[in-house]
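Asker: Please read through the structure below; I'll follow up with questions.
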Amino acid sequence: MTIHNLFKTKKAKPNMQLLFTFVGLILLMLFFSINTSNFLSQKNLLNVALQTSVAVLVALAETYVIITGGIDLSIGSMAAGSGMVVAIAINHGMSIPVAIILGLLTGILSGAFNGFVITVLGIVPFIATLGTNSIMRGLIYVILNGIPLSASSAGEAFTWIGQGKLCGWLPYPVLFMFIIAIIATIILVKTKFGRIIFAIGSNENAAFLSGINVNINKFSVYVFCGLLSSIAGIILTSRVASASPTAGEGYETFAIAAAVIGGASLSGGKGNMIGTIIGAFIIGIMNNGLNLIGLSSFWQQVAVGCVIILAVFLDVIRVKLKNN
Amino acid sequence: MKEVLLKTININKSFSGNIVLKDINLEIKKGEVHALMGENGAGKSTLVKIITGVLGPNTGEVIYNKEQLNINHPKELYDLGIGIVFQEFNLMPDLTVAQNIFIGREPQLKIKGFLNDKKTNALAEDILKELECTIDPERKVSDLSVAEQQMVEIAKSLSYNCNLLIMDEPTAALTENEISVLFNIIRKLRNKNVAVVYISHRMSDLDAIVDTVSVLRDGNLISTRSYTPEIKNQIIYEMVGRDLTQQFPPKPDYKKGELSLEIENLNSKNRLYNISFKAYKGEILGIVGLMGAGRTEMVKAVFGAYKRNSGIIKVDGKAVDIKNPRSAIKAGIGYLTEDRKKDGLMLGLSIRENILSASYQHFTQLGFVNDKKAGENVNEYIRRMSIKTYGSKQLAKTLSGGNQQKVMVAKWLSTKVKILIFDEPTRGIDVKSKYEIYELMYELVQNGVTIIMISSEMPEILGMSDRILVMNDGRITGDFSKEEATQEKLMKCEMMEV
């Protein structure tokens, strides 16, 4: 045996899990197009895309956090808080760009608070963001006194974000979703920051010993998560022209589910944007399709739960088969 | 005379009163391979950690390139040209080979922050080629074999173009072919005037590459001198030499009894090979071996906590089917784990719950715990083991190491154990508690319990065991009675080629 043959070269394989998930999405669409008359109509598909778009944004943010091995349970209330700040700013007669910047700042600051509690105070992400979630939601109820705040005074100058359509056809939220998804993918795959996120989630100690500043990068991920959540919150507020104290409730469950179905691992180091988007649409299409079939929304929750467990179980089997 | 690159001046280090390093004055010269030799726990790894800034010394300083070395973040190490191959792997399994090698300093495109993956892969391929290994740089590290991972780790540290390369047991996971490639690389580095600090247990490595050898023992630097093959025996003597007085209680009178445990031809894939041995009632059977020799895996396999591919286990002459720890406990086997805090104790629970945790079935009726009976049992053991506590409700984490170990022993005695396996019974325990643990072991043996003791401390093995097995690379390579065993003989069996 020559030394050159010591290690057999194996080419990198395509991401099988992503393929499985994609096939799952296609099968799901096939199922609903056979069993309902109007699922495949352009109107319905755009409707699904619009309904899912905002949730996709927070799911992308959550995936970033999950890749570092952390979790963010405060995305829903960060979105609601940002939406509320924009509504208040508009009601105070501020210009739309200023209002939006204030909204984005809200998200960035709450994300920074999460990052501070996690990296400087050393509290585990689950507890830190659970706390932030409660603080944010509580503050929103206090400020809004528990009732929705209208944001319609600025008229279409603000509501176009959530209600308008490009060329009278493509809803802007869907467009934003695509743009942000592309940016998020590029950052994750093509930049040094993205690489470091994977390194930290894969083995934090090794990353540290390789000379990486773990804390600054973790902090940045939570800020990024806050920023994306605030964008989601602003779009949501614009779409219904009001800031509701209950806005964004349950986003964290949706986001974690989408990320996990899409191949992210809660122990860190694994995850990708395309997978998360597919995961989000699997859930979105299930909800829509089951609705069209006439199943009550209560059953939809049951179905979503089953899909999460099934998706992760299939991956467990896949890994086991590979290891044998 | 070669130029000194790194110098330690009067380094002292102790952990909670235990002195680990004492007045270490070491000089590492450019263009030299300097071996650090010593038993497990002699202080080699601690010294490396102090040089690399992972730990701070209590007193003393490290001089590198004529300046005081003060590392706050690992990044500074690499900037100074110090590379390390760690003993435990420090790779990121979800990243590719190339990504691991260049993490934190990836080649970038013209726009700052954007990665140049093509260049990263090409550079990684060059480094791997220099190492004569053909791992695809785009493969994920989690898909690699242990040897391949070791090569990646070496490639990573080479890629820093370092002036000082520290290698902690780099050959432990490699095959002969890979080792000879590695030695060629080390020779090349030496010719480029790089200083190499080389830690290894393998005596055969010394002949191949080492220029200077330093021996550490119990935290003292015993000697530093040029290496020639003739001084090999002297090095072994220096590594082990010390007196054994006053460390052990007087040996009580007990006799070897009937056969208690018999292992026939136990095998575990890629780890344990054809293990057969016997252990008798009223006997302390010591097991020695270097780190990674498979000692813990072997006893875990007997205890049902490590996968066996074949092998028969007999207790009291009858074959028992041990599938998991539960069936091992039923057969009368108990196992005191190597890492008390991680795998042994339930730290947040009381002494009482810890003692009872393996034997609730003796104290329950219809699923209800008989508190009175259980409490009596617990108090009996606290008294017998002389566990220092204010009561059975005290939490396990608040006890000293010695008392924690006694709680562990009580836990197994409470299951009516016949065979008790101690894995590093006195690690991290002070001298006085060690003595008490030894007394306890003698008491158990007198009562007919079979004791199997894994230990990395030679004096402990020689002082306590009635018979000693030596493990080396997953095999048993030596079986000595107390009378015939010497440190040198054991050491030779531990290190010989198998």
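Following the order of the structure tokens, first chain is A, next is B, and so on, with residues numbered from 1 inside each chain and ligands from 1 in the order they appear.
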List every residue of segment 132-226 of chain B that DSSP, applied to the backbone of this structure, assigns to alpha helix (DSSP H), and report them as number ranges by chain.
Answerer: B: 146-158, 176-191, 203-209
Asker: Which neighbours of segment 314-329 of chain B fall inside 7 Å, counting only C-alpha atoms, when residues of the same chain fewer than 3 positions from it are skipped, and could you give them as number ranges by chain?
Answerer: B: 259-263, 303-305, 332-334
Asker: Please dump the current selection as a CSV table (one decimal), in the first residue's frame; keep N, CA and C atoms.
Answerer:
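Everything below was put into result38.csv:
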```csv
chain,number,residue,atom,x,y,z
B,259,LEU,N,-13.0,-18.8,42.6
B,259,LEU,CA,-13.1,-18.0,41.4
B,259,LEU,C,-14.4,-17.3,41.4
B,260,SER,N,-14.3,-16.0,41.1
B,260,SER,CA,-15.5,-15.2,41.2
B,260,SER,C,-16.0,-14.6,39.8
B,261,LEU,N,-15.1,-14.1,39.1
B,261,LEU,CA,-15.4,-13.6,37.8
B,261,LEU,C,-14.5,-14.2,36.7
B,262,GLU,N,-15.1,-14.6,35.6
B,262,GLU,CA,-14.2,-15.2,34.6
B,262,GLU,C,-14.6,-14.6,33.2
B,263,ILE,N,-13.7,-14.0,32.5
B,263,ILE,CA,-14.0,-13.4,31.2
B,263,ILE,C,-13.3,-14.3,30.2
B,303,PHE,N,-19.4,-4.6,32.5
B,303,PHE,CA,-20.5,-4.1,33.2
B,303,PHE,C,-21.7,-3.8,32.3
B,304,GLY,N,-21.6,-4.1,31.0
B,304,GLY,CA,-22.7,-4.0,30.1
B,304,GLY,C,-23.0,-2.6,29.7
B,305,ALA,N,-22.0,-1.7,29.8
B,305,ALA,CA,-22.1,-0.3,29.4
B,305,ALA,C,-21.3,0.0,28.2
B,332,GLY,N,-24.5,-9.1,40.4
B,332,GLY,CA,-23.7,-8.8,41.5
B,332,GLY,C,-22.4,-8.0,41.2
B,333,ILE,N,-22.5,-7.3,40.1
B,333,ILE,CA,-21.3,-6.5,39.7
B,333,ILE,C,-21.6,-5.0,39.9
B,334,GLY,N,-20.7,-4.3,40.5
B,334,GLY,CA,-20.8,-2.8,40.7
B,334,GLY,C,-19.7,-2.1,40.1
```
Asker: Let me make sure I understand: among A:Ala243, A:Ile186, A:Ile216, A:Met286, which one has the smallest atom-to-atom distance to chain B if we use only C-alpha atoms?
Answerer: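 Nearest candidate to chain B out of A:Ala243, A:Ile186, A:Ile216, A:Met286: A:Ile186.
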Asker: Between chain B and chain A, at 10 Å or less, what are the per-residue closest atom pairs and their distances in Å? Count only C-alpha atoms, order by chain and rising residue number, and return it as a tab-separated table.
Answerer:
```
residue	atom	partner	partner_atom	distance
B:Val54	CA	A:Leu209	CA	9.3
B:His73	CA	A:Gly211	CA	6.8
B:Pro74	CA	A:Gly211	CA	4.8
B:Lys75	CA	A:Gly211	CA	3.7
B:Glu76	CA	A:Gly211	CA	7.5
B:Leu77	CA	A:Gly211	CA	8.3
B:Tyr78	CA	A:Gly211	CA	7.7
B:Asp79	CA	A:Gly211	CA	9.5
B:Ile84	CA	A:Leu209	CA	9.7
B:Phe89	CA	A:Ala206	CA	8.3
B:Asn90	CA	A:Ala206	CA	4.7
B:Leu91	CA	A:Ala206	CA	5.8
B:Met92	CA	A:Asn203	CA	5.1
B:Pro93	CA	A:Ser202	CA	6.1
B:Asp94	CA	A:Ser202	CA	5.6
B:Leu95	CA	A:Ala199	CA	6.9
B:Thr96	CA	A:Ala12	CA	9.1
B:Gln99	CA	A:Arg195	CA	8.0
B:Asn100	CA	A:Ala199	CA	8.2
B:Ile101	CA	A:Ser210	CA	9.2
B:Phe102	CA	A:Ser210	CA	8.9
B:Ile103	CA	A:Ser210	CA	6.8
B:Gly104	CA	A:Ile212	CA	5.7
B:Arg105	CA	A:Lys192	CA	8.5
B:Glu106	CA	A:Lys192	CA	7.1
B:Pro107	CA	A:Lys192	CA	9.2
B:Gln108	CA	A:Lys192	CA	8.1
B:Leu109	CA	A:Thr191	CA	9.4
B:Ile111	CA	A:Thr191	CA	9.8
B:Lys112	CA	A:Thr191	CA	8.7
B:Gly113	CA	A:Thr191	CA	5.3
B:Phe114	CA	A:Thr191	CA	4.2
B:Leu115	CA	A:Thr191	CA	5.1
B:Asn116	CA	A:Lys190	CA	8.0
B:Asp117	CA	A:Lys190	CA	8.2
B:Lys129	CA	A:His4	CA	9.1
B:Leu131	CA	A:Ile3	CA	9.9
B:Glu132	CA	A:His4	CA	6.3
B:Cys133	CA	A:His4	CA	6.0
B:Thr134	CA	A:Phe7	CA	5.8
B:Ile135	CA	A:Thr9	CA	5.7
B:Asp136	CA	A:Thr9	CA	5.7
B:Pro137	CA	A:Ala12	CA	9.1
B:Glu138	CA	A:Ala12	CA	6.0
B:Arg139	CA	A:Ala12	CA	5.2
B:Lys140	CA	A:Ala12	CA	7.5
B:Asp143	CA	A:Asn323	CA	9.4
B:Leu144	CA	A:Phe7	CA	9.6
B:Ser145	CA	A:Phe7	CA	9.4
B:Ala147	CA	A:Phe7	CA	9.5
B:Glu148	CA	A:Phe7	CA	7.5
B:Lys156	CA	A:Ser210	CA	9.5
B:Ser157	CA	A:Ser210	CA	9.7
B:Thr175	CA	A:Leu6	CA	9.9
B:Asn177	CA	A:Ile3	CA	7.1
B:Glu178	CA	A:Ile3	CA	7.9
B:Ser180	CA	A:Ile3	CA	9.9
B:Val181	CA	A:Ile3	CA	8.2
```
Asker: List the neighbours of Ala258 of chain A out to 10 Å using only C-alpha atoms; skip same-chain residues closer than 5 positions along the sequence, and give me the result as a PyMOL selection string.
Answerer: chain A and resi 55-56+58-60+62-63+252-253+263-264+275-284+308
Asker: In terms of the shortest atom-to-atom distance over only C-alpha atoms, which of A:Phe178, A:Leu40, A:Gly233, A:Pro148 is closest to Leu28 of chain A?
Answerer: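 Smallest distance to Leu28 of chain A is found for A:Leu40.
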Asker: For segment 126-143 of chain A, find every residue with an atom within 10 Å (counting only C-alpha atoms), except residues of its own chain fewer than 3 positions away, and show them as an NGL selection string.
Answerer: :A and (70-82 or 84-85 or 88 or 110-111 or 113-118 or 121-123 or 146-148 or 222 or 243-247 or 249)
Asker: Identify which of the residues A:Ile108, A:Ile234, A:Ala241, A:Ile180 lies closest to Thr159 of chain A, counting only C-alpha atoms when measuring atom-to-atom distances.
Answerer: A:Ala241
Asker: Based on DSSP run over this structure's backbone, return all residues of segment 63-172 of chain B in strand (DSSP E or B), as an mmCIF file with N, CA and C atoms, in the first residue's frame.
Answerer:
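Listed below is the output, states-v4.cif:
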```
data_model
loop_
_atom_site.group_PDB
_atom_site.id
_atom_site.type_symbol
_atom_site.label_atom_id
_atom_site.label_comp_id
_atom_site.auth_asym_id
_atom_site.auth_seq_id
_atom_site.Cartn_x
_atom_site.Cartn_y
_atom_site.Cartn_z
ATOM 1 N N ILE B 63 9.050 32.847 28.990
ATOM 2 C CA ILE B 63 9.719 33.791 28.090
ATOM 3 C C ILE B 63 9.726 33.174 26.702
ATOM 4 N N TYR B 64 9.239 33.925 25.711
ATOM 5 C CA TYR B 64 9.211 33.445 24.331
ATOM 6 C C TYR B 64 9.865 34.494 23.460
ATOM 7 N N GLU B 67 10.818 37.675 25.141
ATOM 8 C CA GLU B 67 9.810 38.539 25.770
ATOM 9 C C GLU B 67 8.893 37.684 26.624
ATOM 10 N N GLN B 68 8.329 38.318 27.654
ATOM 11 C CA GLN B 68 7.421 37.562 28.513
ATOM 12 C C GLN B 68 6.151 37.222 27.740
ATOM 13 N N ILE B 82 2.878 30.102 17.463
ATOM 14 C CA ILE B 82 2.875 28.904 18.298
ATOM 15 C C ILE B 82 1.690 28.033 17.875
ATOM 16 N N GLY B 83 1.963 26.830 17.437
ATOM 17 C CA GLY B 83 0.903 25.922 17.020
ATOM 18 C C GLY B 83 0.801 24.760 17.995
ATOM 19 N N ILE B 84 -0.417 24.241 18.168
ATOM 20 C CA ILE B 84 -0.607 23.142 19.099
ATOM 21 C C ILE B 84 -1.439 22.048 18.441
ATOM 22 N N VAL B 85 -1.029 20.810 18.625
ATOM 23 C CA VAL B 85 -1.885 19.671 18.291
ATOM 24 C C VAL B 85 -2.350 19.114 19.619
ATOM 25 N N THR B 96 -16.215 21.313 6.950
ATOM 26 C CA THR B 96 -15.363 20.472 6.111
ATOM 27 C C THR B 96 -13.913 20.550 6.591
ATOM 28 N N GLN B 108 -10.162 35.467 1.713
ATOM 29 C CA GLN B 108 -11.377 36.203 1.394
ATOM 30 C C GLN B 108 -11.329 36.793 0.001
ATOM 31 N N PHE B 114 -16.263 38.318 2.647
ATOM 32 C CA PHE B 114 -16.781 37.254 1.786
ATOM 33 C C PHE B 114 -15.712 36.192 1.559
ATOM 34 N N LEU B 115 -16.136 34.936 1.630
ATOM 35 C CA LEU B 115 -15.171 33.845 1.631
ATOM 36 C C LEU B 115 -14.753 33.442 0.230
ATOM 37 N N LYS B 140 -16.721 16.456 5.093
ATOM 38 C CA LYS B 140 -17.032 16.889 6.458
ATOM 39 C C LYS B 140 -16.170 16.121 7.444
ATOM 40 N N LEU B 164 7.080 27.489 16.850
ATOM 41 C CA LEU B 164 7.053 26.506 17.930
ATOM 42 C C LEU B 164 5.823 25.640 17.730
ATOM 43 N N LEU B 165 6.011 24.341 17.661
ATOM 44 C CA LEU B 165 4.880 23.437 17.486
ATOM 45 C C LEU B 165 4.846 22.491 18.677
ATOM 46 N N ILE B 166 3.702 22.477 19.371
ATOM 47 C CA ILE B 166 3.559 21.597 20.518
ATOM 48 C C ILE B 166 2.633 20.460 20.131
ATOM 49 N N MET B 167 3.088 19.233 20.292
ATOM 50 C CA MET B 167 2.261 18.084 19.916
ATOM 51 C C MET B 167 2.068 17.191 21.131
ATOM 52 N N ASP B 168 0.799 17.065 21.531
ATOM 53 C CA ASP B 168 0.476 16.252 22.699
ATOM 54 C C ASP B 168 -0.048 14.904 22.214
#
```
Asker: Would you mind listing what lies within 12 Å of Tyr442 of chain B as a list in words, with only C-alpha atoms counted and same-chain residues fewer than 6 positions away left out?
Answerer: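 Within the cut-off, the hits are Phe248, Pro249, Pro250, Lys251, Pro252, Asp253, Tyr254, Lys255, Gly282, Glu283, Ile284, Tyr435, Glu436, Gly448, Val449, Thr450, Ile451, Gly463, Met464, Ser465 and Asp466 of chain B.
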Asker: I'd like the contact shell of Met496 of chain B - 10 Å cut-off, only C-alpha atoms, skipping same-chain residues fewer than 4 positions apart - returned as an MDAnalysis selection string.
Answerer: chainID B and resid 202:204 472:473 477 491:492
Asker: Rounded to one decimal place, report the atom CA of Ile209 of chain B-atom CA of Gly43 of chain B distance in Å.
Answerer: 22.4 Å
Asker: Just give me the gap between atom CA of Gly155 of chain A and atom CA of Val86 of chain A in Å, one decimal is fine.
Answerer: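 Taking atom CA of Gly155 of chain A and atom CA of Val86 of chain A, their separation equals 13.5 Å.
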Asker: Could you tell me how far atom CA of Glu238 of chain B lies from atom CA of Gly289 of chain B, in Å and to one decimal?
Answerer: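 According to the coordinates, atom CA of Glu238 of chain B and atom CA of Gly289 of chain B are separated by 18.2 Å.
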Asker: Determine, counting only C-alpha atoms, which protein, DNA and RNA residues have an atom within 6 Å of an atom of Gly226 of chain A; residues of the same chain fewer than 2 positions away are not included. Present the result as a short mmCIF file (atom, residue, chain, number, x, y, z; two decimals) with N, CA and C atoms, in the first residue's frame.
Answerer:
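That gives us out32.cif:
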```
data_model
loop_
_atom_site.label_atom_id
_atom_site.label_comp_id
_atom_site.auth_asym_id
_atom_site.auth_seq_id
_atom_site.Cartn_x
_atom_site.Cartn_y
_atom_site.Cartn_z
N GLY A 107 -36.05 46.20 17.47
CA GLY A 107 -35.64 44.81 17.31
C GLY A 107 -34.16 44.63 17.60
N ILE A 108 -33.34 45.54 17.09
CA ILE A 108 -31.89 45.43 17.28
C ILE A 108 -31.55 45.50 18.77
N GLY A 111 -32.62 42.37 20.57
CA GLY A 111 -31.67 41.31 20.24
C GLY A 111 -30.36 41.51 21.00
N VAL A 223 -28.48 39.83 17.73
CA VAL A 223 -28.87 41.14 17.18
C VAL A 223 -29.51 40.95 15.81
N PHE A 224 -28.89 40.11 14.99
CA PHE A 224 -29.42 39.83 13.66
C PHE A 224 -30.83 39.25 13.78
N LEU A 228 -34.30 40.84 12.14
CA LEU A 228 -35.24 40.15 11.25
C LEU A 228 -36.62 40.08 11.89
N SER A 229 -36.67 39.87 13.20
CA SER A 229 -37.97 39.81 13.87
C SER A 229 -38.67 41.16 13.75
#
```
